[in-house]
>>> print(open('query08.cif').read())   # mmCIF, C-alpha atoms
data_target
#
loop_
_atom_site.group_PDB
_atom_site.id
_atom_site.type_symbol
_atom_site.label_atom_id
_atom_site.label_comp_id
_atom_site.auth_asym_id
_atom_site.auth_seq_id
_atom_site.Cartn_x
_atom_site.Cartn_y
_atom_site.Cartn_z
ATOM 1 C CA MET A 1433 -152.147 -117.475 -100.139
ATOM 2 C CA VAL A 1434 -154.093 -119.868 -102.335
ATOM 3 C CA ALA A 1435 -155.495 -118.189 -105.432
ATOM 4 C CA ARG A 1436 -159.170 -118.095 -106.261
ATOM 5 C CA PHE A 1437 -160.288 -119.306 -109.648
ATOM 6 C CA ARG A 1438 -160.373 -116.609 -112.279
ATOM 7 C CA THR A 1439 -160.651 -117.119 -115.999
ATOM 8 C CA THR A 1440 -162.097 -115.495 -119.082
ATOM 9 C CA LEU A 1441 -165.162 -116.406 -121.101
ATOM 10 C CA PRO A 1442 -164.540 -117.543 -124.682
ATOM 11 C CA ASN A 1443 -164.689 -114.879 -127.359
ATOM 12 C CA ARG A 1444 -167.144 -114.954 -130.254
ATOM 13 C CA LEU A 1445 -164.702 -116.631 -132.660
ATOM 14 C CA ILE A 1446 -164.121 -119.524 -130.258
ATOM 15 C CA VAL A 1447 -167.860 -119.789 -129.561
ATOM 16 C CA ARG A 1448 -168.641 -119.824 -133.279
ATOM 17 C CA THR A 1449 -165.903 -122.359 -134.060
ATOM 18 C CA TYR A 1450 -166.819 -124.869 -131.377
ATOM 19 C CA ALA A 1451 -170.598 -124.363 -131.511
ATOM 20 C CA THR A 1452 -170.377 -125.053 -135.255
ATOM 21 C CA ARG A 1453 -168.511 -128.262 -134.502
ATOM 22 C CA GLY A 1454 -171.207 -129.106 -131.955
ATOM 23 C CA ALA A 1455 -173.933 -128.524 -134.564
ATOM 24 C CA LEU A 1456 -172.192 -130.526 -137.299
ATOM 25 C CA LEU A 1457 -171.466 -133.480 -135.064
ATOM 26 C CA TRP A 1458 -175.002 -133.400 -133.651
ATOM 27 C CA VAL A 1459 -176.313 -133.638 -137.237
ATOM 28 C CA ALA A 1460 -173.986 -136.565 -137.917
ATOM 29 C CA THR A 1461 -174.895 -138.289 -134.646
ATOM 30 C CA ARG A 1462 -178.614 -137.714 -135.238
ATOM 31 C CA ALA A 1463 -178.393 -139.036 -138.806
ATOM 32 C CA ILE A 1464 -176.787 -142.258 -137.602
ATOM 33 C CA LEU A 1465 -179.369 -142.606 -134.817
ATOM 34 C CA ILE A 1466 -182.225 -142.028 -137.273
ATOM 35 C CA ALA A 1467 -180.904 -144.829 -139.466
ATOM 36 C CA ILE A 1468 -180.574 -147.150 -136.444
ATOM 37 C CA PHE A 1469 -184.053 -146.272 -135.129
ATOM 38 C CA LEU A 1470 -185.647 -146.814 -138.538
ATOM 39 C CA ARG A 1471 -183.974 -150.208 -138.872
ATOM 40 C CA GLY A 1472 -185.284 -151.086 -135.397
ATOM 41 C CA GLY A 1473 -188.825 -150.032 -136.331
ATOM 42 C CA PHE A 1474 -188.903 -147.031 -133.974
ATOM 43 C CA ASP A 1475 -189.998 -143.492 -134.793
ATOM 44 C CA PRO A 1476 -186.723 -141.503 -134.589
ATOM 45 C CA PHE A 1477 -188.581 -138.218 -134.201
ATOM 46 C CA GLN A 1478 -190.793 -139.262 -131.312
ATOM 47 C CA LEU A 1479 -188.314 -139.337 -128.452
ATOM 48 C CA SER A 1480 -189.003 -138.949 -124.758
ATOM 49 C CA ALA A 1481 -187.319 -136.119 -122.864
ATOM 50 C CA ALA A 1482 -184.848 -138.617 -121.376
ATOM 51 C CA ALA A 1483 -184.019 -139.986 -124.832
ATOM 52 C CA MET A 1484 -183.540 -136.433 -126.120
ATOM 53 C CA GLY A 1485 -181.152 -135.836 -123.241
ATOM 54 C CA GLY A 1486 -179.352 -139.031 -124.187
ATOM 55 C CA VAL A 1487 -178.939 -137.829 -127.773
ATOM 56 C CA VAL A 1488 -177.553 -134.493 -126.557
ATOM 57 C CA LEU A 1489 -175.176 -136.301 -124.198
ATOM 58 C CA LEU A 1490 -174.023 -138.646 -126.958
ATOM 59 C CA SER A 1491 -173.459 -135.687 -129.254
ATOM 60 C CA VAL A 1492 -171.357 -133.923 -126.600
ATOM 61 C CA VAL A 1493 -169.298 -137.094 -126.092
ATOM 62 C CA VAL A 1494 -168.682 -137.329 -129.855
ATOM 63 C CA CYS A 1495 -167.567 -133.672 -129.867
ATOM 64 C CA PHE A 1496 -165.136 -134.299 -127.018
ATOM 65 C CA LEU A 1497 -163.751 -137.354 -128.794
ATOM 66 C CA GLU A 1498 -163.164 -135.203 -131.856
ATOM 67 C CA THR A 1499 -161.437 -132.593 -129.709
ATOM 68 C CA TYR A 1500 -159.170 -135.287 -128.244
ATOM 69 C CA ARG A 1501 -158.560 -136.803 -131.683
ATOM 70 C CA ARG A 1502 -157.408 -133.410 -132.946
ATOM 71 C CA HIS A 1503 -155.138 -132.947 -129.867
ATOM 72 C CA GLU A 1504 -156.862 -129.658 -129.075
ATOM 73 C CA ARG A 1505 -156.706 -129.871 -125.283
ATOM 74 C CA ALA A 1506 -153.536 -127.808 -125.047
ATOM 75 C CA LEU A 1507 -154.809 -125.222 -127.515
ATOM 76 C CA LEU A 1508 -158.078 -124.853 -125.610
ATOM 77 C CA GLY A 1509 -156.209 -124.745 -122.309
ATOM 78 C CA ASN A 1510 -153.976 -121.971 -123.607
ATOM 79 C CA LEU A 1511 -157.130 -120.166 -124.738
ATOM 80 C CA ALA A 1512 -158.317 -120.388 -121.100
ATOM 81 C CA VAL A 1513 -161.356 -122.383 -122.209
ATOM 82 C CA ARG A 1514 -162.473 -124.748 -119.443
ATOM 83 C CA PRO A 1515 -164.039 -128.162 -120.168
ATOM 84 C CA VAL A 1516 -167.353 -127.024 -118.666
ATOM 85 C CA THR A 1517 -167.454 -124.171 -121.190
ATOM 86 C CA LEU A 1518 -166.846 -126.646 -123.993
ATOM 87 C CA ILE A 1519 -169.710 -128.810 -122.737
ATOM 88 C CA VAL A 1520 -172.021 -125.783 -123.003
ATOM 89 C CA LEU A 1521 -170.726 -124.943 -126.497
ATOM 90 C CA PHE A 1522 -171.231 -128.517 -127.690
ATOM 91 C CA ALA A 1523 -174.538 -129.147 -125.945
ATOM 92 C CA THR A 1524 -176.336 -125.952 -126.954
ATOM 93 C CA PRO A 1525 -176.675 -126.654 -130.700
ATOM 94 C CA ALA A 1526 -177.620 -130.272 -129.995
ATOM 95 C CA LEU A 1527 -180.282 -129.202 -127.523
ATOM 96 C CA LEU A 1528 -181.634 -126.560 -129.907
ATOM 97 C CA GLY A 1529 -181.719 -129.145 -132.683
ATOM 98 C CA GLU A 1530 -183.634 -131.627 -130.583
ATOM 99 C CA VAL A 1531 -186.128 -128.939 -129.529
ATOM 100 C CA ALA A 1532 -186.530 -127.881 -133.176
ATOM 101 C CA ILE A 1533 -187.236 -131.479 -134.197
ATOM 102 C CA ARG A 1534 -189.836 -131.766 -131.457
ATOM 103 C CA ILE A 1535 -191.526 -128.510 -132.516
ATOM 104 C CA VAL A 1536 -191.594 -129.522 -136.193
ATOM 105 C CA ARG A 1537 -192.990 -132.911 -135.168
ATOM 106 C CA LEU A 1538 -195.758 -131.227 -133.143
ATOM 107 C CA VAL A 1539 -196.612 -128.838 -135.958
ATOM 108 C CA ILE A 1540 -196.825 -131.672 -138.503
ATOM 109 C CA ALA A 1541 -198.916 -133.789 -136.160
ATOM 110 C CA MET B 239 -133.306 -124.378 -119.368
ATOM 111 C CA LEU B 240 -134.385 -127.705 -117.977
ATOM 112 C CA PHE B 241 -132.101 -130.623 -118.767
ATOM 113 C CA GLY B 242 -132.348 -134.288 -117.884
ATOM 114 C CA ARG B 243 -132.195 -137.737 -119.398
ATOM 115 C CA ASN B 244 -135.171 -139.208 -121.235
ATOM 116 C CA GLY B 245 -137.879 -140.425 -118.882
ATOM 117 C CA ILE B 246 -136.458 -138.630 -115.852
ATOM 118 C CA GLY B 247 -139.520 -136.365 -115.439
ATOM 119 C CA LYS B 248 -138.825 -133.099 -117.289
ATOM 120 C CA SER B 249 -142.081 -133.230 -119.212
ATOM 121 C CA THR B 250 -143.988 -134.261 -116.102
ATOM 122 C CA LEU B 251 -142.506 -131.328 -114.208
ATOM 123 C CA LEU B 252 -143.569 -128.930 -116.958
ATOM 124 C CA LYS B 253 -147.034 -130.504 -117.120
ATOM 125 C CA ILE B 254 -147.455 -129.988 -113.390
ATOM 126 C CA ALA B 255 -146.212 -126.417 -113.662
ATOM 127 C CA ALA B 256 -148.689 -125.807 -116.491
ATOM 128 C CA GLY B 257 -151.630 -127.260 -114.576
ATOM 129 C CA TRP B 258 -151.859 -130.053 -117.133
ATOM 130 C CA THR B 259 -151.215 -132.780 -114.571
ATOM 131 C CA SER B 260 -151.893 -132.813 -110.832
ATOM 132 C CA PRO B 261 -148.896 -133.351 -108.558
ATOM 133 C CA ASP B 262 -148.984 -135.988 -105.817
ATOM 134 C CA SER B 263 -148.197 -133.188 -103.391
ATOM 135 C CA GLY B 264 -147.033 -129.590 -103.363
ATOM 136 C CA THR B 265 -148.259 -126.336 -104.843
ATOM 137 C CA VAL B 266 -147.785 -124.488 -108.101
ATOM 138 C CA HIS B 267 -146.667 -120.881 -107.687
ATOM 139 C CA PHE B 268 -147.412 -118.499 -110.525
ATOM 140 C CA ALA B 269 -147.772 -114.743 -110.794
ATOM 141 C CA GLY B 270 -147.437 -114.270 -107.066
ATOM 142 C CA ARG B 271 -150.046 -116.842 -106.168
ATOM 143 C CA ALA B 272 -149.931 -120.387 -104.868
ATOM 144 C CA TYR B 273 -152.284 -122.990 -106.327
ATOM 145 C CA GLU B 274 -153.042 -126.189 -104.427
ATOM 146 C CA THR B 275 -154.961 -127.431 -107.440
ATOM 147 C CA THR B 276 -154.992 -125.691 -110.768
ATOM 148 C CA SER B 277 -155.553 -126.209 -114.472
ATOM 149 C CA LEU B 278 -154.074 -124.933 -117.700
ATOM 150 C CA PRO B 279 -157.119 -122.722 -118.475
ATOM 151 C CA GLU B 280 -156.794 -121.104 -115.059
ATOM 152 C CA LEU B 281 -153.068 -120.424 -115.415
ATOM 153 C CA ALA B 282 -153.445 -119.389 -119.065
ATOM 154 C CA ALA B 283 -155.911 -116.733 -117.972
ATOM 155 C CA GLN B 284 -153.195 -115.429 -115.639
ATOM 156 C CA GLY B 285 -150.561 -115.198 -118.388
ATOM 157 C CA LEU B 286 -149.040 -118.662 -118.816
ATOM 158 C CA PHE B 287 -148.569 -120.342 -122.184
ATOM 159 C CA TYR B 288 -147.721 -124.030 -122.510
ATOM 160 C CA LEU B 289 -146.190 -125.651 -125.576
ATOM 161 C CA PRO B 290 -146.613 -129.411 -125.077
ATOM 162 C CA ASP B 291 -144.305 -132.102 -126.452
ATOM 163 C CA HIS B 292 -146.806 -132.685 -129.260
ATOM 164 C CA ASP B 293 -148.317 -130.309 -131.807
ATOM 165 C CA LEU B 294 -150.167 -127.406 -130.210
ATOM 166 C CA LEU B 295 -152.257 -126.297 -133.151
ATOM 167 C CA SER B 296 -155.278 -128.261 -134.303
ATOM 168 C CA SER B 297 -155.358 -129.929 -137.690
ATOM 169 C CA ALA B 298 -159.021 -128.903 -137.982
ATOM 170 C CA PHE B 299 -158.492 -125.181 -138.585
ATOM 171 C CA THR B 300 -156.073 -122.966 -140.486
ATOM 172 C CA VAL B 301 -153.121 -121.426 -138.689
ATOM 173 C CA ARG B 302 -154.664 -117.976 -139.164
ATOM 174 C CA ARG B 303 -157.948 -118.982 -137.538
ATOM 175 C CA GLN B 304 -156.171 -120.386 -134.507
ATOM 176 C CA LEU B 305 -153.957 -117.334 -134.133
ATOM 177 C CA GLU B 306 -157.057 -115.144 -134.473
ATOM 178 C CA MET B 307 -158.758 -117.137 -131.714
ATOM 179 C CA ILE B 308 -155.815 -116.356 -129.442
ATOM 180 C CA ARG B 309 -155.772 -112.698 -130.477
ATOM 181 C CA CYS B 310 -159.491 -112.239 -129.873
ATOM 182 C CA GLN B 311 -159.478 -114.158 -126.603
ATOM 183 C CA PHE B 312 -156.757 -112.090 -124.999
ATOM 184 C CA ASP B 313 -157.048 -108.872 -126.983
ATOM 185 C CA ALA B 314 -153.434 -109.624 -127.837
ATOM 186 C CA GLY B 315 -150.840 -109.036 -130.571
ATOM 187 C CA ASN B 316 -151.143 -108.714 -134.324
ATOM 188 C CA VAL B 317 -151.411 -112.027 -136.207
ATOM 189 C CA THR B 318 -149.776 -110.806 -139.406
ATOM 190 C CA GLU B 319 -146.861 -109.243 -137.535
ATOM 191 C CA ALA B 320 -146.317 -112.407 -135.491
ATOM 192 C CA ALA B 321 -146.423 -114.592 -138.606
ATOM 193 C CA ASP B 322 -144.005 -112.282 -140.346
ATOM 194 C CA ARG B 323 -141.600 -112.371 -137.390
ATOM 195 C CA VAL B 324 -141.372 -116.171 -137.437
ATOM 196 C CA GLY B 325 -141.508 -116.463 -141.234
ATOM 197 C CA ILE B 326 -144.826 -118.258 -141.721
ATOM 198 C CA THR B 327 -146.799 -115.546 -143.538
ATOM 199 C CA ALA B 328 -147.120 -117.774 -146.610
ATOM 200 C CA PHE B 329 -148.582 -120.601 -144.520
ATOM 201 C CA LEU B 330 -151.198 -118.669 -142.555
ATOM 202 C CA ASP B 331 -154.122 -119.992 -144.560
ATOM 203 C CA ARG B 332 -152.952 -123.596 -144.468
ATOM 204 C CA ARG B 333 -153.782 -126.183 -141.876
ATOM 205 C CA PRO B 334 -150.926 -127.264 -139.591
ATOM 206 C CA ALA B 335 -151.101 -130.859 -140.854
ATOM 207 C CA SER B 336 -149.858 -129.677 -144.252
ATOM 208 C CA LEU B 337 -146.786 -127.969 -142.754
ATOM 209 C CA SER B 338 -143.358 -129.434 -142.024
ATOM 210 C CA GLY B 339 -142.188 -129.961 -138.439
ATOM 211 C CA GLY B 340 -140.116 -126.765 -138.522
ATOM 212 C CA GLU B 341 -143.018 -124.755 -139.948
ATOM 213 C CA ARG B 342 -145.358 -126.090 -137.260
ATOM 214 C CA ARG B 343 -142.875 -125.091 -134.542
ATOM 215 C CA ARG B 344 -142.724 -121.609 -136.081
ATOM 216 C CA ALA B 345 -146.532 -121.448 -136.182
ATOM 217 C CA GLU B 346 -146.589 -122.364 -132.484
ATOM 218 C CA LEU B 347 -144.108 -119.582 -131.804
ATOM 219 C CA ALA B 348 -146.382 -117.223 -133.725
ATOM 220 C CA ALA B 349 -149.129 -118.259 -131.293
ATOM 221 C CA VAL B 350 -146.802 -117.317 -128.428
ATOM 222 C CA LEU B 351 -146.039 -113.965 -130.047
ATOM 223 C CA VAL B 352 -149.739 -113.238 -130.517
ATOM 224 C CA ARG B 353 -150.561 -114.273 -126.947
ATOM 225 C CA ARG B 354 -147.613 -112.405 -125.393
ATOM 226 C CA PRO B 355 -147.715 -114.392 -122.153
ATOM 227 C CA SER B 356 -145.702 -113.469 -119.090
ATOM 228 C CA CYS B 357 -144.352 -117.037 -118.923
ATOM 229 C CA LEU B 358 -143.791 -119.664 -121.604
ATOM 230 C CA LEU B 359 -143.241 -123.348 -120.824
ATOM 231 C CA ALA B 360 -141.917 -125.116 -123.926
ATOM 232 C CA ASP B 361 -141.505 -128.886 -123.783
ATOM 233 C CA GLU B 362 -138.952 -130.090 -126.342
ATOM 234 C CA PRO B 363 -139.644 -127.314 -128.867
ATOM 235 C CA TYR B 364 -136.760 -128.506 -131.062
ATOM 236 C CA ARG B 365 -138.086 -131.980 -131.722
ATOM 237 C CA GLY B 366 -137.853 -133.099 -135.319
ATOM 238 C CA ILE B 367 -136.579 -129.910 -136.885
ATOM 239 C CA ALA B 368 -133.604 -128.973 -139.052
ATOM 240 C CA PRO B 369 -130.495 -127.223 -137.600
ATOM 241 C CA LYS B 370 -131.409 -123.968 -139.388
ATOM 242 C CA ASP B 371 -134.825 -123.973 -137.709
ATOM 243 C CA VAL B 372 -133.149 -124.657 -134.349
ATOM 244 C CA GLU B 373 -131.049 -121.548 -134.866
ATOM 245 C CA ASP B 374 -134.002 -119.375 -135.892
ATOM 246 C CA ILE B 375 -136.267 -120.630 -133.119
ATOM 247 C CA THR B 376 -133.537 -120.089 -130.525
ATOM 248 C CA ALA B 377 -133.140 -116.512 -131.744
ATOM 249 C CA ILE B 378 -136.880 -115.975 -131.228
ATOM 250 C CA PHE B 379 -136.733 -117.443 -127.725
ATOM 251 C CA THR B 380 -133.840 -115.109 -126.940
ATOM 252 C CA GLN B 381 -135.856 -112.134 -128.218
ATOM 253 C CA LEU B 382 -138.810 -113.180 -126.083
ATOM 254 C CA THR B 383 -136.704 -113.241 -122.934
ATOM 255 C CA GLY B 384 -135.319 -109.865 -123.967
ATOM 256 C CA ASP B 385 -138.917 -108.615 -124.110
ATOM 257 C CA GLY B 386 -139.336 -109.647 -120.469
ATOM 258 C CA MET B 387 -140.991 -113.033 -120.920
ATOM 259 C CA ALA B 388 -139.936 -115.892 -118.645
ATOM 260 C CA VAL B 389 -139.145 -118.844 -120.921
ATOM 261 C CA VAL B 390 -138.619 -122.387 -119.645
ATOM 262 C CA ILE B 391 -137.405 -124.892 -122.250
ATOM 263 C CA THR B 392 -136.614 -128.591 -122.118
ATOM 264 C CA GLY B 393 -134.447 -130.300 -124.695
ATOM 265 C CA HIS B 394 -131.238 -132.154 -125.409
ATOM 266 C CA GLU B 395 -129.646 -129.682 -127.850
ATOM 267 C CA VAL B 396 -126.969 -128.914 -125.262
ATOM 268 C CA PRO B 397 -124.652 -126.472 -127.078
ATOM 269 C CA THR B 398 -127.539 -124.433 -128.509
ATOM 270 C CA LEU B 399 -129.512 -124.380 -125.295
ATOM 271 C CA LEU B 400 -126.542 -123.601 -123.063
ATOM 272 C CA ASP B 401 -125.630 -120.690 -125.340
ATOM 273 C CA ALA B 402 -129.139 -119.271 -125.065
ATOM 274 C CA ALA B 403 -129.801 -120.041 -121.396
ATOM 275 C CA ASP B 404 -129.722 -117.640 -118.473
ATOM 276 C CA HIS B 405 -130.266 -120.392 -115.943
ATOM 277 C CA VAL B 406 -129.897 -124.166 -115.946
ATOM 278 C CA SER B 407 -131.921 -126.710 -113.973
ATOM 279 C CA TRP B 408 -131.176 -130.418 -114.026
ATOM 280 C CA CYS B 409 -133.671 -133.190 -113.363
ATOM 281 C CA THR B 410 -132.159 -136.418 -112.091
ATOM 282 C CA SER B 411 -133.116 -139.245 -109.757
ATOM 283 C CA GLY B 412 -136.351 -137.605 -108.659
ATOM 284 C CA THR B 413 -134.680 -134.314 -107.757
ATOM 285 C CA THR B 414 -134.348 -131.040 -109.644
ATOM 286 C CA TYR B 415 -131.088 -129.182 -109.066
ATOM 287 C CA GLU B 416 -130.746 -125.469 -109.662
ATOM 288 C CA LEU B 417 -127.329 -125.194 -111.310
ATOM 289 C CA GLY B 418 -127.344 -121.455 -111.949
ATOM 290 C CA PRO B 419 -125.987 -119.811 -115.113
ATOM 291 C CA PRO B 420 -124.546 -122.074 -117.858
ATOM 292 C CA SER B 421 -120.948 -121.162 -116.970
ATOM 293 C CA THR B 422 -121.537 -122.466 -113.438
ATOM 294 C CA ALA B 423 -123.671 -125.410 -114.566
ATOM 295 C CA ILE B 424 -120.987 -126.924 -116.761
ATOM 296 C CA GLN B 425 -118.619 -126.931 -113.778
ATOM 297 C CA HIS B 426 -121.043 -129.104 -111.804
ATOM 298 C CA GLU B 427 -119.326 -132.457 -111.495
ATOM 299 C CA ALA B 428 -122.404 -134.712 -111.434
ATOM 300 C CA PHE B 429 -124.116 -132.754 -114.236
ATOM 301 C CA ARG B 430 -121.008 -133.161 -116.365
ATOM 302 C CA SER B 431 -120.486 -136.831 -115.705
ATOM 303 C CA GLU B 432 -124.098 -138.023 -115.584
ATOM 304 C CA TYR B 433 -125.716 -135.842 -118.249
ATOM 305 C CA LEU B 434 -123.258 -134.072 -120.511
ATOM 306 C CA GLY B 435 -120.934 -137.089 -120.749
ATOM 307 C CA GLN B 436 -117.535 -137.181 -122.396
ATOM 308 C CA ALA B 437 -118.392 -134.430 -124.870
ATOM 309 C CA SER B 438 -118.298 -131.876 -122.056
#
>>> encode(input="query08.cif", output="structure tokens")
Amino acid sequence: MVARFRTTLPNRLIVRTYATRGALLWVATRAILIAIFLRGGFDPFQLSAAAMGGVVLLSVVVCFLETYRRHERALLGNLAVRPVTLIVLFATPALLGEVAIRIVRLVIA
Amino acid sequence: MLFGRNGIGKSTLLKIAAGWTSPDSGTVHFAGRAYETTSLPELAAQGLFYLPDHDLLSSAFTVRRQLEMIRCQFDAGNVTEAADRVGITAFLDRRPASLSGGERRRAELAAVLVRRPSCLLADEPYRGIAPKDVEDITAIFTQLTGDGMAVVITGHEVPTLLDAADHVSWCTSGTTYELGPPSTAIQHEAFRSEYLGQAS
């Protein structure tokens, strides 16, 4: 008999820990992008939906690199946290941040 | 106990068993189920715990935080009790990077004690530690098996491991031999001549 997939969802402590990392690294990624955009003469707060998606994707990649750098794959595996769950934990704060920037931009405009 | 020369495939075998690496063919059997493809998160949810041949705990968080993550995730054992049992209570609020090799191994064992898995796969858990730590860690492994946990260990600390082992497997030339209990294993001619050497 081949087993069906069964795993557990991450608990609140894991969610908080890795979502915080996602938020911090999104801030760092966004800060670097803002500096690059300003040097290039672009408005860093006026991004298209595709560009926003790109920023979120880049932020998730940076988070995964940090996770690899810290050799956390085995720890997360032992915690039964799947990579797709990590993607959600890393992407959510970045997405919320990008939406918040867009809303603030609209309100100011 | 899984013995074998360096580079023969012990770690690879454990990685496959832990769902860390995919085998070219075959299935992984765990907890009464057969997995054609699997992953560590999937097996961990079923009760497996894997100690890789590098540090398990992250340098980003304190030992306590990581043990708490395990406790909360699996509604498992008491962090303070586990730390006390392996003698790392004083280091709980430090990050693993600031600990010695022996202290990190103990912290990893505390993670095992908190998780209380049904099966532990430990790849070279004695690497880079002092003889006293080897003794203490072996005693903990022995207690774990006494508690009903299946423990699979790789390593080259032959006298220590043979003393603690219930069963010996030997990886050589692409094959894994089941040699049985240590008393039988050391009688195995090829195991003696090709692995244990003259010291046997």
>>> closest_residue(input="query08.cif", among="B:Lys248, B:Arg353, B:Arg430, B:Arg323", to="chain A", atoms="only C-alpha atoms")
B:Arg353
>>> interface_residues(input="query08.cif", of="chain A", to="chain B", cutoff="12 Å", atoms="all atoms listed in the file", output="ChimeraX atom specification")
/A:1433-1450,1453,1498-1518
>>> write_last_selection(input="query08.cif", atoms="C-alpha atoms", output="PDB file, in the coordinates of the input")
ATOM      1  CA  MET A1433    -152.147-117.475-100.139  1.00  0.00           C
ATOM      2  CA  VAL A1434    -154.093-119.868-102.335  1.00  0.00           C
ATOM      3  CA  ALA A1435    -155.495-118.189-105.432  1.00  0.00           C
ATOM      4  CA  ARG A1436    -159.170-118.095-106.261  1.00  0.00           C
ATOM      5  CA  PHE A1437    -160.288-119.306-109.648  1.00  0.00           C
ATOM      6  CA  ARG A1438    -160.373-116.609-112.279  1.00  0.00           C
ATOM      7  CA  THR A1439    -160.651-117.119-115.999  1.00  0.00           C
ATOM      8  CA  THR A1440    -162.097-115.495-119.082  1.00  0.00           C
ATOM      9  CA  LEU A1441    -165.162-116.406-121.101  1.00  0.00           C
ATOM     10  CA  PRO A1442    -164.540-117.543-124.682  1.00  0.00           C
ATOM     11  CA  ASN A1443    -164.689-114.879-127.359  1.00  0.00           C
ATOM     12  CA  ARG A1444    -167.144-114.954-130.254  1.00  0.00           C
ATOM     13  CA  LEU A1445    -164.702-116.631-132.660  1.00  0.00           C
ATOM     14  CA  ILE A1446    -164.121-119.524-130.258  1.00  0.00           C
ATOM     15  CA  VAL A1447    -167.860-119.789-129.561  1.00  0.00           C
ATOM     16  CA  ARG A1448    -168.641-119.824-133.279  1.00  0.00           C
ATOM     17  CA  THR A1449    -165.903-122.359-134.060  1.00  0.00           C
ATOM     18  CA  TYR A1450    -166.819-124.869-131.377  1.00  0.00           C
ATOM     19  CA  ARG A1453    -168.511-128.262-134.502  1.00  0.00           C
ATOM     20  CA  GLU A1498    -163.164-135.203-131.856  1.00  0.00           C
ATOM     21  CA  THR A1499    -161.437-132.593-129.709  1.00  0.00           C
ATOM     22  CA  TYR A1500    -159.170-135.287-128.244  1.00  0.00           C
ATOM     23  CA  ARG A1501    -158.560-136.803-131.683  1.00  0.00           C
ATOM     24  CA  ARG A1502    -157.408-133.410-132.946  1.00  0.00           C
ATOM     25  CA  HIS A1503    -155.138-132.947-129.867  1.00  0.00           C
ATOM     26  CA  GLU A1504    -156.862-129.658-129.075  1.00  0.00           C
ATOM     27  CA  ARG A1505    -156.706-129.871-125.283  1.00  0.00           C
ATOM     28  CA  ALA A1506    -153.536-127.808-125.047  1.00  0.00           C
ATOM     29  CA  LEU A1507    -154.809-125.222-127.515  1.00  0.00           C
ATOM     30  CA  LEU A1508    -158.078-124.853-125.610  1.00  0.00           C
ATOM     31  CA  GLY A1509    -156.209-124.745-122.309  1.00  0.00           C
ATOM     32  CA  ASN A1510    -153.976-121.971-123.607  1.00  0.00           C
ATOM     33  CA  LEU A1511    -157.130-120.166-124.738  1.00  0.00           C
ATOM     34  CA  ALA A1512    -158.317-120.388-121.100  1.00  0.00           C
ATOM     35  CA  VAL A1513    -161.356-122.383-122.209  1.00  0.00           C
ATOM     36  CA  ARG A1514    -162.473-124.748-119.443  1.00  0.00           C
ATOM     37  CA  PRO A1515    -164.039-128.162-120.168  1.00  0.00           C
ATOM     38  CA  VAL A1516    -167.353-127.024-118.666  1.00  0.00           C
ATOM     39  CA  THR A1517    -167.454-124.171-121.190  1.00  0.00           C
ATOM     40  CA  LEU A1518    -166.846-126.646-123.993  1.00  0.00           C
TER      41      LEU A1518
END
>>> residues_around(input="query08.cif", residues="Arg243 in chain B", least_positions_apart="3", cutoff="10 Å", atoms="only C-alpha atoms", output="PyMOL selection string")
chain B and resi 246-248+393-394+408-411+432-434
>>> atom_distance(input="query08.cif", atom1="CA of Ala1526 in chain A", atom2="CA of Val1492 in chain A")
8.0 Å
>>> atom_distance(input="query08.cif", atom1="CA of Ala1463 in chain A", atom2="CA of Glu1530 in chain A")
12.2 Å
>>> atom_distance(input="query08.cif", atom1="CA of Gly366 in chain B", atom2="CA of Gly339 in chain B")
6.2 Å
>>> resolve_selection(input="query08.cif", expression="the PyMOL selection byres ((chain B and resi 240) around 6)", output="CSV table (one decimal) with C-alpha atoms, keeping the file's coordinate frame")
chain,number,residue,atom,x,y,z
B,239,MET,CA,-133.3,-124.4,-119.4
B,241,PHE,CA,-132.1,-130.6,-118.8
B,391,ILE,CA,-137.4,-124.9,-122.2
B,392,THR,CA,-136.6,-128.6,-122.1
B,407,SER,CA,-131.9,-126.7,-114.0
B,408,TRP,CA,-131.2,-130.4,-114.0
>>> residues_near_point(input="query08.cif", point="(-134.4, -115.8, -134.5)", cutoff="12 Å", atoms="all atoms listed in the file", output="ChimeraX atom specification")
/B:322-325,344,347,370-382,402
>>> resolve_selection(input="query08.cif", expression="the PyMOL selection byres ((chain A and resi 1477) around 7)", output="PDB file with C-alpha atoms, in the frame of the given file")
ATOM      1  CA  ASP A1475    -189.998-143.492-134.793  1.00  0.00           C
ATOM      2  CA  PRO A1476    -186.723-141.503-134.589  1.00  0.00           C
ATOM      3  CA  GLN A1478    -190.793-139.262-131.312  1.00  0.00           C
ATOM      4  CA  LEU A1479    -188.314-139.337-128.452  1.00  0.00           C
ATOM      5  CA  ILE A1533    -187.236-131.479-134.197  1.00  0.00           C
ATOM      6  CA  ARG A1537    -192.990-132.911-135.168  1.00  0.00           C
TER       7      ARG A1537
END
>>> residues_around(input="query08.cif", residues="Cys1495 in chain A", least_positions_apart="4", cutoff="7 Å", atoms="all atoms listed in the file", output="NGL selection string")
:A and (1454 or 1457 or 1491 or 1499 or 1522)
>>> closest_residue(input="query08.cif", among="A:Leu1497, A:Ala1460, A:Ala1455, A:Ile1535", to="Ala1523 in chain A", atoms="all atoms listed in the file")
A:Ala1455
>>> resolve_selection(input="query08.cif", expression="the PyMOL selection byres ((chain A and resi 1465) around 12)", output="MDAnalysis selection string")
chainID A and resid 1458:1464 1466:1472 1474:1477 1479 1483:1484 1486:1488 1490:1491
>>> decode(input="query08.cif", residues="range 371-379 of chain B", atoms="C-alpha atoms", output="CSV table (one decimal), in the first residue's frame")
chain,number,residue,atom,x,y,z
B,371,ASP,CA,30.4,13.7,25.4
B,372,VAL,CA,30.4,10.4,23.4
B,373,GLU,CA,29.8,8.5,26.6
B,374,ASP,CA,27.0,10.8,27.7
B,375,ILE,CA,25.3,10.9,24.3
B,376,THR,CA,25.5,7.1,24.0
B,377,ALA,CA,23.8,6.8,27.4
B,378,ILE,CA,21.0,9.0,26.1
B,379,PHE,CA,20.6,6.9,22.9
